[in-house]
>>> print(open('query-v5.tsv').read())   # TSV, C-alpha atoms
chain	number	residue	atom	x	y	z
C	10	MET	CA	0.00	0.00	0.00
C	11	HIS	CA	2.87	2.39	0.77
C	12	ALA	CA	4.33	1.93	-2.72
C	13	TYR	CA	0.89	2.43	-4.26
C	14	LEU	CA	0.32	5.66	-2.35
C	15	LEU	CA	3.72	6.90	-3.49
C	16	ASP	CA	2.90	6.04	-7.11
C	17	PHE	CA	-0.53	7.70	-6.95
C	18	THR	CA	0.94	10.85	-5.37
C	19	ASN	CA	3.57	10.91	-8.09
C	20	PHE	CA	0.85	10.54	-10.73
C	21	MET	CA	-1.28	13.41	-9.42
C	22	LEU	CA	1.70	15.67	-8.72
C	23	ARG	CA	3.01	15.09	-12.24
C	24	TRP	CA	-0.41	16.01	-13.64
C	25	LEU	CA	-0.49	19.25	-11.66
C	26	HIS	CA	3.09	19.99	-12.69
C	27	VAL	CA	2.26	19.60	-16.37
C	28	ILE	CA	-0.88	21.73	-16.06
C	29	ALA	CA	1.00	24.54	-14.31
C	30	ALA	CA	3.92	24.32	-16.75
C	31	VAL	CA	1.66	24.46	-19.79
C	32	ALA	CA	-0.15	27.50	-18.36
C	33	TRP	CA	3.09	29.29	-17.42
C	34	ILE	CA	4.99	28.52	-20.62
C	35	GLY	CA	1.97	29.31	-22.78
C	36	GLU	CA	1.47	32.68	-21.10
C	37	SER	CA	5.19	33.45	-21.27
C	38	ILE	CA	5.39	32.62	-24.98
C	39	TYR	CA	2.27	34.70	-25.62
C	40	PHE	CA	3.70	37.80	-23.93
C	41	VAL	CA	7.03	37.44	-25.76
C	42	MET	CA	5.06	37.23	-29.01
C	43	LEU	CA	2.98	40.25	-27.99
C	44	ASP	CA	6.04	42.28	-27.00
C	45	ASN	CA	7.80	41.55	-30.30
C	46	SER	CA	4.70	42.19	-32.40
C	47	LEU	CA	4.05	45.71	-31.16
C	48	ARG	CA	3.92	48.52	-33.71
C	49	THR	CA	4.11	52.29	-33.18
C	50	PRO	CA	0.62	53.61	-32.37
C	51	LYS	CA	-1.03	55.39	-35.29
C	52	ALA	CA	-3.21	57.61	-33.13
C	53	VAL	CA	-1.44	60.78	-31.98
C	54	GLU	CA	-3.41	60.84	-28.73
C	55	ASP	CA	-2.14	57.35	-27.87
C	56	ARG	CA	1.46	58.39	-28.41
C	57	GLU	CA	0.89	61.48	-26.28
C	58	LYS	CA	-0.47	59.28	-23.48
C	59	GLY	CA	2.80	57.31	-23.46
C	60	VAL	CA	1.70	54.27	-25.45
C	61	PHE	CA	4.91	52.62	-26.65
C	62	GLY	CA	3.36	50.10	-29.03
C	63	GLU	CA	0.12	48.38	-29.98
C	64	MET	CA	-1.08	45.22	-31.67
C	65	TRP	CA	-4.40	44.36	-33.25
C	66	ALA	CA	-5.32	40.68	-33.37
C	67	VAL	CA	-8.25	38.44	-34.17
C	68	HIS	CA	-8.90	35.20	-32.30
C	69	GLY	CA	-11.87	33.11	-31.28
C	70	GLY	CA	-14.35	35.20	-33.23
C	71	GLY	CA	-13.31	38.50	-31.67
C	72	PHE	CA	-10.90	41.40	-32.18
C	73	TYR	CA	-8.31	42.45	-29.64
C	74	HIS	CA	-6.38	45.70	-29.24
C	75	ASN	CA	-3.30	45.43	-27.01
C	76	GLN	CA	-1.29	48.47	-25.95
C	77	LYS	CA	2.01	48.71	-24.07
C	78	TYR	CA	3.10	51.82	-22.20
C	79	ALA	CA	6.73	52.94	-22.21
C	80	SER	CA	6.70	53.25	-18.42
C	81	ALA	CA	3.16	53.31	-17.04
C	82	PRO	CA	-0.29	54.72	-17.86
C	83	ASP	CA	-1.67	57.81	-16.15
C	84	LYS	CA	-3.98	55.69	-14.02
C	85	LEU	CA	-3.90	52.02	-13.09
C	86	PRO	CA	-7.09	49.91	-13.20
C	87	GLU	CA	-8.26	48.16	-10.06
C	88	ASP	CA	-8.29	44.74	-11.74
C	89	LEU	CA	-4.63	44.66	-12.82
C	90	HIS	CA	-3.63	41.17	-13.94
C	91	TRP	CA	-0.51	39.60	-12.40
C	92	SER	CA	1.36	36.54	-13.64
C	93	PHE	CA	3.35	34.61	-11.07
C	94	TRP	CA	1.46	31.74	-9.42
C	95	LYS	CA	1.81	29.56	-12.50
C	96	ALA	CA	5.60	29.92	-12.26
C	97	TYR	CA	5.68	29.15	-8.54
C	98	THR	CA	3.34	26.18	-8.87
C	99	THR	CA	5.43	24.73	-11.70
C	100	TRP	CA	8.61	24.89	-9.64
C	101	LEU	CA	7.05	23.63	-6.41
C	102	THR	CA	5.38	20.63	-8.06
C	103	GLY	CA	8.56	19.90	-10.04
C	104	PHE	CA	10.62	19.94	-6.87
C	105	GLY	CA	8.05	17.70	-5.20
C	106	LEU	CA	8.38	15.20	-8.04
C	107	PHE	CA	12.16	15.33	-7.71
C	108	VAL	CA	11.88	14.50	-4.01
C	109	ILE	CA	9.49	11.59	-4.59
C	110	LEU	CA	11.22	10.13	-7.65
C	111	TYR	CA	14.89	10.74	-6.88
C	112	MET	CA	15.57	11.84	-3.32
C	113	VAL	CA	13.54	9.03	-1.72
C	114	LYS	CA	15.92	6.50	-3.33
C	115	PRO	CA	19.08	8.48	-4.08
C	116	SER	CA	21.35	5.43	-4.10
C	117	PHE	CA	19.43	4.14	-7.12
C	118	TYR	CA	18.54	7.33	-8.96
C	119	LEU	CA	21.18	9.94	-8.09
C	120	VAL	CA	24.48	8.20	-7.37
C	121	ASN	CA	26.68	7.52	-10.38
C	122	PRO	CA	28.77	4.44	-9.43
C	123	ASP	CA	30.62	4.60	-12.77
C	124	SER	CA	31.71	8.22	-12.37
C	125	ASP	CA	35.34	8.98	-13.19
C	126	TRP	CA	35.41	11.05	-10.02
C	127	ALA	CA	35.95	8.74	-7.04
C	128	TRP	CA	34.16	10.99	-4.56
C	129	ALA	CA	31.05	11.09	-6.76
C	130	ALA	CA	31.03	7.32	-7.33
C	131	GLY	CA	31.41	6.73	-3.60
C	132	MET	CA	28.65	9.03	-2.38
C	133	SER	CA	26.05	7.64	-0.01
C	134	GLY	CA	22.38	8.34	-0.56
C	135	TRP	CA	22.10	11.26	1.85
C	136	GLN	CA	25.30	12.78	0.47
C	137	ALA	CA	23.88	12.61	-3.06
C	138	ASN	CA	20.73	14.40	-1.87
C	139	VAL	CA	22.77	17.19	-0.28
C	140	VAL	CA	24.95	17.58	-3.38
C	141	ALA	CA	21.86	17.68	-5.63
C	142	LEU	CA	20.26	20.46	-3.55
C	143	ALA	CA	23.56	22.37	-3.47
C	144	PHE	CA	23.81	21.94	-7.24
C	145	LEU	CA	20.42	23.61	-7.77
C	146	LEU	CA	21.22	26.44	-5.37
C	147	ALA	CA	24.68	27.04	-6.86
C	148	GLY	CA	23.20	27.14	-10.36
C	149	TRP	CA	20.88	29.99	-9.39
C	150	VAL	CA	23.57	31.89	-7.45
C	151	VAL	CA	26.08	31.75	-10.32
C	152	TYR	CA	23.50	32.71	-12.94
C	153	ASN	CA	22.17	35.57	-10.83
C	154	GLU	CA	25.68	36.91	-10.16
C	155	LEU	CA	26.48	36.79	-13.88
C	156	CYS	CA	23.39	38.89	-14.58
C	157	LYS	CA	24.19	41.43	-11.87
C	158	ARG	CA	27.89	41.79	-12.66
C	159	LEU	CA	28.03	41.53	-16.45
C	160	SER	CA	24.94	43.56	-17.30
C	161	PRO	CA	23.79	45.53	-14.25
C	162	ASP	CA	22.19	48.25	-16.39
C	163	MET	CA	20.94	45.80	-19.06
C	164	GLU	CA	23.30	47.31	-21.64
C	165	ARG	CA	25.61	44.32	-22.16
C	166	ASP	CA	23.14	41.50	-22.68
C	167	GLY	CA	25.17	40.06	-25.56
C	168	LEU	CA	28.15	39.41	-23.28
C	169	LEU	CA	25.81	38.08	-20.61
C	170	SER	CA	24.20	35.66	-23.08
C	171	ILE	CA	27.60	34.21	-23.94
C	172	ALA	CA	28.45	33.83	-20.26
C	173	VAL	CA	25.15	32.05	-19.52
C	174	ALA	CA	25.73	29.71	-22.49
C	175	VAL	CA	29.18	28.82	-21.15
C	176	MET	CA	27.66	28.30	-17.72
C	177	MET	CA	25.18	25.77	-19.11
C	178	VAL	CA	27.99	23.82	-20.78
C	179	VAL	CA	29.73	23.64	-17.40
C	180	VAL	CA	26.49	22.61	-15.68
C	181	ALA	CA	25.95	19.81	-18.23
C	182	TYR	CA	29.55	18.61	-17.77
C	183	LEU	CA	29.40	18.62	-13.98
C	184	SER	CA	25.97	16.99	-13.71
C	185	SER	CA	26.99	14.15	-16.04
C	186	HIS	CA	30.10	13.42	-13.99
C	187	ILE	CA	28.49	13.72	-10.56
C	188	PHE	CA	25.07	12.13	-10.98
C	189	SER	CA	23.60	9.15	-12.80
C	190	GLY	CA	22.67	9.76	-16.43
C	191	ARG	CA	18.94	10.31	-16.09
C	192	ALA	CA	19.38	12.47	-12.99
C	193	ALA	CA	22.07	14.51	-14.76
C	194	PHE	CA	19.70	15.49	-17.56
C	195	LEU	CA	16.92	16.26	-15.08
C	196	LEU	CA	19.13	18.35	-12.78
C	197	THR	CA	20.54	20.36	-15.67
C	198	GLY	CA	16.99	21.18	-16.71
C	199	ALA	CA	16.13	21.88	-13.06
C	200	VAL	CA	18.97	24.41	-12.83
C	201	MET	CA	17.40	26.34	-15.71
C	202	ALA	CA	13.88	25.88	-14.35
C	203	THR	CA	14.98	27.13	-10.93
C	204	ALA	CA	16.55	30.19	-12.53
C	205	MET	CA	13.31	30.82	-14.44
C	206	SER	CA	11.12	30.66	-11.32
C	207	ALA	CA	13.63	32.60	-9.24
C	208	ASN	CA	13.72	35.31	-11.91
C	209	VAL	CA	9.99	35.73	-11.43
C	210	PHE	CA	10.16	35.59	-7.62
C	211	PHE	CA	13.23	37.75	-6.95
C	212	TRP	CA	13.27	40.19	-9.86
C	213	ILE	CA	10.28	40.37	-12.18
C	214	ILE	CA	7.44	40.51	-9.64
C	215	PRO	CA	9.25	42.69	-7.04
C	216	GLY	CA	10.17	45.14	-9.80
C	217	GLN	CA	6.59	45.27	-11.00
C	218	ARG	CA	5.36	45.80	-7.43
C	219	ARG	CA	7.73	48.73	-7.02
C	220	MET	CA	6.47	50.23	-10.27
C	221	VAL	CA	2.84	49.91	-9.15
C	222	LYS	CA	3.65	51.33	-5.70
C	223	ALA	CA	5.40	54.34	-7.26
C	224	MET	CA	2.44	55.02	-9.55
C	225	LYS	CA	-0.05	54.86	-6.70
C	226	ALA	CA	2.12	57.34	-4.80
C	227	GLY	CA	2.13	59.69	-7.77
C	228	GLU	CA	5.82	59.06	-8.45
C	229	THR	CA	7.61	58.08	-11.66
C	230	PRO	CA	8.54	54.37	-11.71
C	231	ASN	CA	12.21	53.45	-11.95
C	232	PRO	CA	12.78	52.46	-15.61
C	233	LEU	CA	15.45	49.97	-14.51
C	234	ASP	CA	12.74	47.81	-12.94
C	235	GLY	CA	11.05	47.48	-16.32
C	236	LYS	CA	14.33	46.82	-18.13
C	237	ARG	CA	15.44	44.26	-15.59
C	238	GLY	CA	12.13	42.45	-15.74
C	239	LYS	CA	12.35	42.35	-19.53
C	240	GLN	CA	15.92	41.00	-19.39
C	241	ARG	CA	14.98	38.13	-17.08
C	242	SER	CA	11.83	37.38	-19.08
C	243	VAL	CA	13.92	37.11	-22.25
C	244	HIS	CA	16.26	34.67	-20.51
C	245	ASN	CA	13.26	32.61	-19.42
C	246	THR	CA	11.96	32.32	-22.96
C	247	TYR	CA	15.28	30.93	-24.23
C	248	PHE	CA	15.42	28.44	-21.35
C	249	THR	CA	11.92	27.15	-22.10
C	250	LEU	CA	12.47	24.68	-24.95
C	251	PRO	CA	15.67	23.15	-23.51
C	252	VAL	CA	13.98	22.70	-20.12
C	253	VAL	CA	10.98	20.93	-21.66
C	254	LEU	CA	13.26	18.58	-23.61
C	255	LEU	CA	15.42	17.73	-20.60
C	256	MET	CA	12.34	17.06	-18.47
C	257	ILE	CA	10.99	14.49	-20.94
C	258	SER	CA	14.38	12.84	-21.52
C	259	ASN	CA	14.15	10.31	-18.70
C	260	HIS	CA	12.91	7.45	-20.91
C	261	TYR	CA	15.57	7.86	-23.60
C	262	SER	CA	18.67	6.13	-22.30
C	263	PHE	CA	20.56	6.43	-25.62
C	264	ALA	CA	21.23	10.06	-24.66
C	265	TYR	CA	21.91	10.02	-20.93
C	266	SER	CA	23.83	6.72	-20.83
C	267	HIS	CA	26.37	7.79	-23.45
C	268	GLU	CA	29.94	8.42	-22.27
C	269	LEU	CA	29.68	11.93	-23.75
C	270	ALA	CA	26.19	12.57	-22.45
C	271	TRP	CA	27.13	16.10	-21.43
C	272	VAL	CA	28.00	16.94	-25.04
C	273	ILE	CA	24.71	15.49	-26.30
C	274	MET	CA	22.86	17.43	-23.61
C	275	THR	CA	24.64	20.65	-24.59
C	276	LEU	CA	23.74	20.15	-28.24
C	277	PHE	CA	20.07	19.77	-27.32
C	278	ILE	CA	20.15	22.88	-25.10
C	279	PHE	CA	21.65	25.05	-27.83
C	280	ALA	CA	19.32	23.57	-30.46
C	281	GLY	CA	16.30	24.50	-28.34
C	282	ALA	CA	17.59	28.05	-27.84
C	283	LEU	CA	18.23	28.49	-31.57
C	284	ILE	CA	14.75	27.26	-32.48
C	285	ARG	CA	13.24	29.62	-29.90
C	286	GLN	CA	15.26	32.49	-31.39
C	287	TYR	CA	13.61	31.90	-34.75
C	288	PHE	CA	10.14	32.42	-33.28
C	289	VAL	CA	11.22	35.45	-31.25
C	290	LEU	CA	12.52	37.13	-34.42
C	291	MET	CA	9.55	35.98	-36.47
C	292	HIS	CA	7.15	37.79	-34.14
C	293	ALA	CA	9.23	40.95	-34.65
C	294	GLY	CA	8.74	40.60	-38.42
C	295	HIS	CA	12.08	38.96	-39.23
C	296	ARG	CA	12.19	35.43	-40.60
C	297	ARG	CA	15.63	33.85	-40.15
C	298	PRO	CA	15.44	30.18	-41.22
C	299	ALA	CA	19.16	29.86	-40.51
C	300	TYR	CA	18.36	29.57	-36.80
C	301	PRO	CA	16.11	26.47	-36.92
C	302	ALA	CA	18.42	25.04	-39.59
C	303	ALA	CA	21.37	25.42	-37.21
C	304	GLY	CA	19.28	23.84	-34.46
C	305	ALA	CA	18.47	20.91	-36.75
C	306	VAL	CA	22.18	20.46	-37.48
C	307	LEU	CA	22.93	20.26	-33.74
C	308	ILE	CA	20.15	17.69	-33.30
C	309	LEU	CA	21.57	15.63	-36.17
C	310	VAL	CA	25.02	15.75	-34.57
C	311	ALA	CA	23.46	14.54	-31.29
C	312	PHE	CA	21.68	11.76	-33.21
C	313	TRP	CA	24.97	10.69	-34.80
C	314	MET	CA	26.83	10.74	-31.48
C	315	ALA	CA	24.18	8.79	-29.56
C	316	ALA	CA	23.70	6.12	-32.25
C	317	PRO	CA	24.59	2.65	-30.94
C	318	ALA	CA	27.77	1.06	-32.21
C	319	SER	CA	27.32	-1.61	-34.86
C	320	SER	CA	26.89	-5.05	-33.36
C	321	GLY	CA	27.96	-6.77	-36.55
C	322	GLN	CA	31.42	-7.41	-35.12
C	323	ALA	CA	30.11	-10.11	-32.80
C	324	THR	CA	30.79	-13.51	-34.29
C	325	ALA	CA	28.25	-16.25	-34.32
C	326	SER	CA	30.35	-18.30	-31.88
C	327	LEU	CA	30.14	-15.51	-29.31
C	328	ALA	CA	26.41	-14.87	-29.70
C	329	PRO	CA	24.65	-16.18	-26.58
C	330	GLU	CA	21.64	-18.45	-26.58
C	331	LEU	CA	18.31	-16.89	-25.71
C	332	GLU	CA	18.08	-19.15	-22.64
C	333	GLU	CA	21.31	-17.64	-21.29
C	334	VAL	CA	20.01	-14.12	-21.78
C	335	GLN	CA	16.69	-15.03	-20.19
C	336	ALA	CA	18.47	-16.45	-17.13
C	337	ILE	CA	20.46	-13.24	-16.64
C	338	VAL	CA	17.38	-11.06	-17.04
C	339	ALA	CA	15.43	-13.25	-14.62
C	340	SER	CA	18.07	-12.92	-11.90
C	341	ARG	CA	19.06	-9.29	-12.45
C	342	CYS	CA	16.10	-7.44	-13.97
C	343	VAL	CA	12.76	-9.15	-13.31
C	344	ALA	CA	12.63	-8.05	-9.67
C	345	CYS	CA	11.48	-4.68	-11.04
C	346	HIS	CA	10.56	-5.42	-14.66
C	347	SER	CA	7.71	-7.81	-14.01
C	348	ARG	CA	3.95	-7.60	-14.09
C	349	GLU	CA	4.18	-8.20	-10.34
C	350	PRO	CA	7.49	-6.70	-9.15
C	351	THR	CA	9.09	-8.13	-6.03
C	352	GLN	CA	11.45	-5.19	-5.49
C	353	PRO	CA	10.13	-3.02	-2.61
C	354	GLY	CA	8.81	0.33	-3.78
C	355	PHE	CA	7.60	-0.87	-7.19
C	356	THR	CA	3.93	-1.60	-7.86
C	357	ALA	CA	4.31	-1.89	-11.64
C	358	PRO	CA	7.19	-2.45	-14.07
C	359	PRO	CA	9.16	0.75	-14.79
C	360	ALA	CA	8.06	2.36	-18.07
C	361	GLY	CA	5.56	-0.50	-18.41
C	362	MET	CA	8.30	-2.91	-19.52
C	363	ALA	CA	7.87	-6.43	-18.15
C	364	TYR	CA	10.32	-9.20	-19.06
C	365	ASP	CA	8.42	-12.22	-17.74
C	366	SER	CA	8.27	-14.06	-21.05
C	367	VAL	CA	10.45	-14.74	-24.09
C	368	GLU	CA	8.06	-12.72	-26.25
C	369	GLN	CA	8.45	-9.69	-23.98
C	370	LEU	CA	12.22	-10.04	-24.04
C	371	ARG	CA	12.26	-10.08	-27.83
C	372	ALA	CA	9.91	-7.10	-28.03
C	373	HIS	CA	12.26	-4.99	-25.89
C	374	GLN	CA	15.57	-6.44	-27.10
C	375	ALA	CA	17.07	-3.20	-28.43
C	376	ARG	CA	16.25	-1.23	-25.30
C	377	ILE	CA	17.47	-3.95	-22.95
C	378	LYS	CA	20.80	-4.12	-24.79
C	379	ALA	CA	21.23	-0.35	-24.76
C	380	VAL	CA	20.57	0.28	-21.07
C	381	VAL	CA	22.42	-2.82	-19.85
C	382	ALA	CA	25.49	-2.43	-22.05
C	383	SER	CA	25.78	1.24	-21.06
C	384	GLY	CA	25.78	0.32	-17.37
C	385	TYR	CA	22.71	2.42	-16.60
C	386	MET	CA	20.60	-0.60	-15.69
C	387	PRO	CA	20.05	-2.14	-13.22
C	388	LEU	CA	19.68	1.13	-11.30
C	389	GLY	CA	22.64	1.50	-8.99
C	390	ASN	CA	23.45	-2.10	-10.00
C	391	MET	CA	21.39	-3.14	-6.99
C	392	THR	CA	21.14	-6.72	-8.27
C	393	GLY	CA	24.90	-7.08	-8.81
C	394	MET	CA	25.06	-7.63	-12.57
C	395	THR	CA	28.62	-8.53	-13.59
C	396	ASP	CA	30.63	-7.21	-16.54
C	397	GLU	CA	30.52	-10.68	-18.07
C	398	GLU	CA	26.73	-10.69	-17.91
C	399	ARG	CA	26.61	-7.27	-19.53
C	400	ALA	CA	28.82	-8.57	-22.33
C	401	VAL	CA	26.42	-11.46	-22.89
C	402	ILE	CA	23.47	-9.07	-23.19
C	403	ALA	CA	25.44	-6.80	-25.53
C	404	ALA	CA	26.26	-9.75	-27.84
C	405	TRP	CA	22.66	-10.99	-27.89
C	406	GLU	CA	21.37	-11.28	-31.45
C	407	GLU	CA	18.15	-12.81	-32.71
>>> encode(input="query-v5.tsv", output="structure tokens")
Amino acid sequence: MHAYLLDFTNFMLRWLHVIAAVAWIGESIYFVMLDNSLRTPKAVEDREKGVFGEMWAVHGGGFYHNQKYASAPDKLPEDLHWSFWKAYTTWLTGFGLFVILYMVKPSFYLVNPDSDWAWAAGMSGWQANVVALAFLLAGWVVYNELCKRLSPDMERDGLLSIAVAVMMVVVAYLSSHIFSGRAAFLLTGAVMATAMSANVFFWIIPGQRRMVKAMKAGETPNPLDGKRGKQRSVHNTYFTLPVVLLMISNHYSFAYSHELAWVIMTLFIFAGALIRQYFVLMHAGHRRPAYPAAGAVLILVAFWMAAPASSGQATASLAPELEEVQAIVASRCVACHSREPTQPGFTAPPAGMAYDSVEQLRAHQARIKAVVASGYMPLGNMTGMTDEERAVIAAWEE
């Protein structure tokens, strides 16, 4: 019952996380589109009132007229719309999922026993949890300091963008060497997601509150608050596509189990940012197909890198019998991957993959070979699979 309750909580929390993320990302993308689609107001009276730009749109059978003020309108409405709870809910539910899925069993899901760094490979479960939390906190602190020091007045955003890109390469490298493959991809995405939510919490919303407070007091808002909020919002929009990809990567072991997983991860991050750049420019009236083309090239490079090595080198004399493979799977894998798992904490086979029969083994042959040969499975090698047994699985041909 305990395992079932954990699974059901995970299910509902994941649902809420997706709902909040869709709402937040959708609203964020809409406002970036709106901001980049603004045109100079045609009406003189609008320009005299401080209207910076406007956009006319049609949707859902109606017409909309959006206006943006350079600083603030003469008078604020009572029903001013704020956007922040979607961001907070997304982060809180995501962190809750991380606790349930990874921190409850860190020895299986966080620790990387094959790490080249001895201290990382030898971490205990609680140590891995502490390092993971420190990793998230450090990611935000470093990113925030880069923003404050490299572009305090929002005039050197080009240099800042380069610095943040370099930072993400370092984050990908460190996560892949400290944590297990799947956790490394997730934590890299979580570093960006934490920065996105923290941008809203520490900078965007406080700045907007100061602007509103100044207006109500009959004072002129500080223009830096608006510029800073715009800067952090722009960063958030470029983080969006990479974060979504990294969060759905947990079922694709070909990427996170590769020895150069950090390079593959970096390629995906940059590809997502390039594709997002295309849409940002498109909304401003500039179509630059070179950006998605460059993103596609990076994805193709990642595809080439992650492709499994040819198994044609295995000779027929070395190819194991199916019975031998089945015996290894039965002793090392079926405790979890069964219609009725015997491993505590599992109420159903992970990813729905059960290996109780020969037919099931054959149906999942390619995936079994990939995750076993890479060393990713069994998780934390909790069943003690030997290198010889991994070699047998790798040489398995039907």
>>> atom_distance(input="query-v5.tsv", atom1="atom CA of Gln369 of chain C", atom2="atom CA of Cys342 of chain C")
12.8 Å
>>> closest_residue(input="query-v5.tsv", among="C:Ile284, C:Met386, C:Leu15, C:Ala81", to="Thr246 of chain C", atoms="only C-alpha atoms")
C:Ile284
>>> atom_distance(input="query-v5.tsv", atom1="atom CA of Val343 of chain C", atom2="atom CA of Tyr364 of chain C")
6.2 Å
>>> atom_distance(input="query-v5.tsv", atom1="atom CA of Met64 of chain C", atom2="atom CA of Met42 of chain C")
10.4 Å
>>> closest_residue(input="query-v5.tsv", among="C:Arg297, C:Arg56, C:Arg241, C:Arg376", to="Ala207 of chain C", atoms="only C-alpha atoms")
C:Arg241
>>> residues_around(input="query-v5.tsv", residues="Gly304 of chain C", least_positions_apart="4", cutoff="8 Å", atoms="all atoms listed in the file", output="number ranges by chain")
C: 279-281, 283-284, 300, 308
>>> residues_around(input="query-v5.tsv", residues="segment 141-147 of chain C", least_positions_apart="5", cutoff="12 Å", atoms="only C-alpha atoms", output="ChimeraX atom specification")
/C:104,107-108,111-112,115,118-120,129,132,134-136,152-154,176,179-181,183-184,187-189,192-193,195-204,207
>>> write_last_selection(input="query-v5.tsv", atoms="C-alpha atoms", output="mmCIF file, in the coordinates of the input")
data_model
loop_
_atom_site.group_PDB
_atom_site.id
_atom_site.type_symbol
_atom_site.label_atom_id
_atom_site.label_comp_id
_atom_site.auth_asym_id
_atom_site.auth_seq_id
_atom_site.Cartn_x
_atom_site.Cartn_y
_atom_site.Cartn_z
ATOM 1 C CA PHE C 104 10.620 19.940 -6.870
ATOM 2 C CA PHE C 107 12.160 15.330 -7.710
ATOM 3 C CA VAL C 108 11.880 14.500 -4.010
ATOM 4 C CA TYR C 111 14.890 10.740 -6.880
ATOM 5 C CA MET C 112 15.570 11.840 -3.320
ATOM 6 C CA PRO C 115 19.080 8.480 -4.080
ATOM 7 C CA TYR C 118 18.540 7.330 -8.960
ATOM 8 C CA LEU C 119 21.180 9.940 -8.090
ATOM 9 C CA VAL C 120 24.480 8.200 -7.370
ATOM 10 C CA ALA C 129 31.050 11.090 -6.760
ATOM 11 C CA MET C 132 28.650 9.030 -2.380
ATOM 12 C CA GLY C 134 22.380 8.340 -0.560
ATOM 13 C CA TRP C 135 22.100 11.260 1.850
ATOM 14 C CA GLN C 136 25.300 12.780 0.470
ATOM 15 C CA TYR C 152 23.500 32.710 -12.940
ATOM 16 C CA ASN C 153 22.170 35.570 -10.830
ATOM 17 C CA GLU C 154 25.680 36.910 -10.160
ATOM 18 C CA MET C 176 27.660 28.300 -17.720
ATOM 19 C CA VAL C 179 29.730 23.640 -17.400
ATOM 20 C CA VAL C 180 26.490 22.610 -15.680
ATOM 21 C CA ALA C 181 25.950 19.810 -18.230
ATOM 22 C CA LEU C 183 29.400 18.620 -13.980
ATOM 23 C CA SER C 184 25.970 16.990 -13.710
ATOM 24 C CA ILE C 187 28.490 13.720 -10.560
ATOM 25 C CA PHE C 188 25.070 12.130 -10.980
ATOM 26 C CA SER C 189 23.600 9.150 -12.800
ATOM 27 C CA ALA C 192 19.380 12.470 -12.990
ATOM 28 C CA ALA C 193 22.070 14.510 -14.760
ATOM 29 C CA LEU C 195 16.920 16.260 -15.080
ATOM 30 C CA LEU C 196 19.130 18.350 -12.780
ATOM 31 C CA THR C 197 20.540 20.360 -15.670
ATOM 32 C CA GLY C 198 16.990 21.180 -16.710
ATOM 33 C CA ALA C 199 16.130 21.880 -13.060
ATOM 34 C CA VAL C 200 18.970 24.410 -12.830
ATOM 35 C CA MET C 201 17.400 26.340 -15.710
ATOM 36 C CA ALA C 202 13.880 25.880 -14.350
ATOM 37 C CA THR C 203 14.980 27.130 -10.930
ATOM 38 C CA ALA C 204 16.550 30.190 -12.530
ATOM 39 C CA ALA C 207 13.630 32.600 -9.240
#
>>> closest_residue(input="query-v5.tsv", among="C:Trp94, C:Phe61, C:Phe194, C:Phe117", to="Lys77 of chain C", atoms="all atoms listed in the file")
C:Phe61
>>> closest_residue(input="query-v5.tsv", among="C:Val401, C:Ala379, C:Ala357, C:Leu168", to="Tyr13 of chain C", atoms="all atoms listed in the file")
C:Ala357
>>> residues_around(input="query-v5.tsv", residues="Gly361 of chain C", least_positions_apart="6", cutoff="10 Å", atoms="all atoms listed in the file", output="PyMOL selection string")
chain C and resi 346-348
>>> closest_residue(input="query-v5.tsv", among="C:Leu101, C:Phe93, C:Leu22, C:Ser133", to="Gln217 of chain C", atoms="only C-alpha atoms")
C:Phe93
>>> residues_around(input="query-v5.tsv", residues="segment 69-76 of chain C", least_positions_apart="2", cutoff="10 Å", atoms="all atoms listed in the file", output="VMD selection string")
chain C and resid 43 to 44 47 to 50 55 60 to 67 78 to 79
>>> residues_around(input="query-v5.tsv", residues="Arg237 of chain C", least_positions_apart="5", cutoff="8 Å", atoms="all atoms listed in the file", output="list in words")
Asp162, Met163, Trp212, Ile213 and Gly216 of chain C
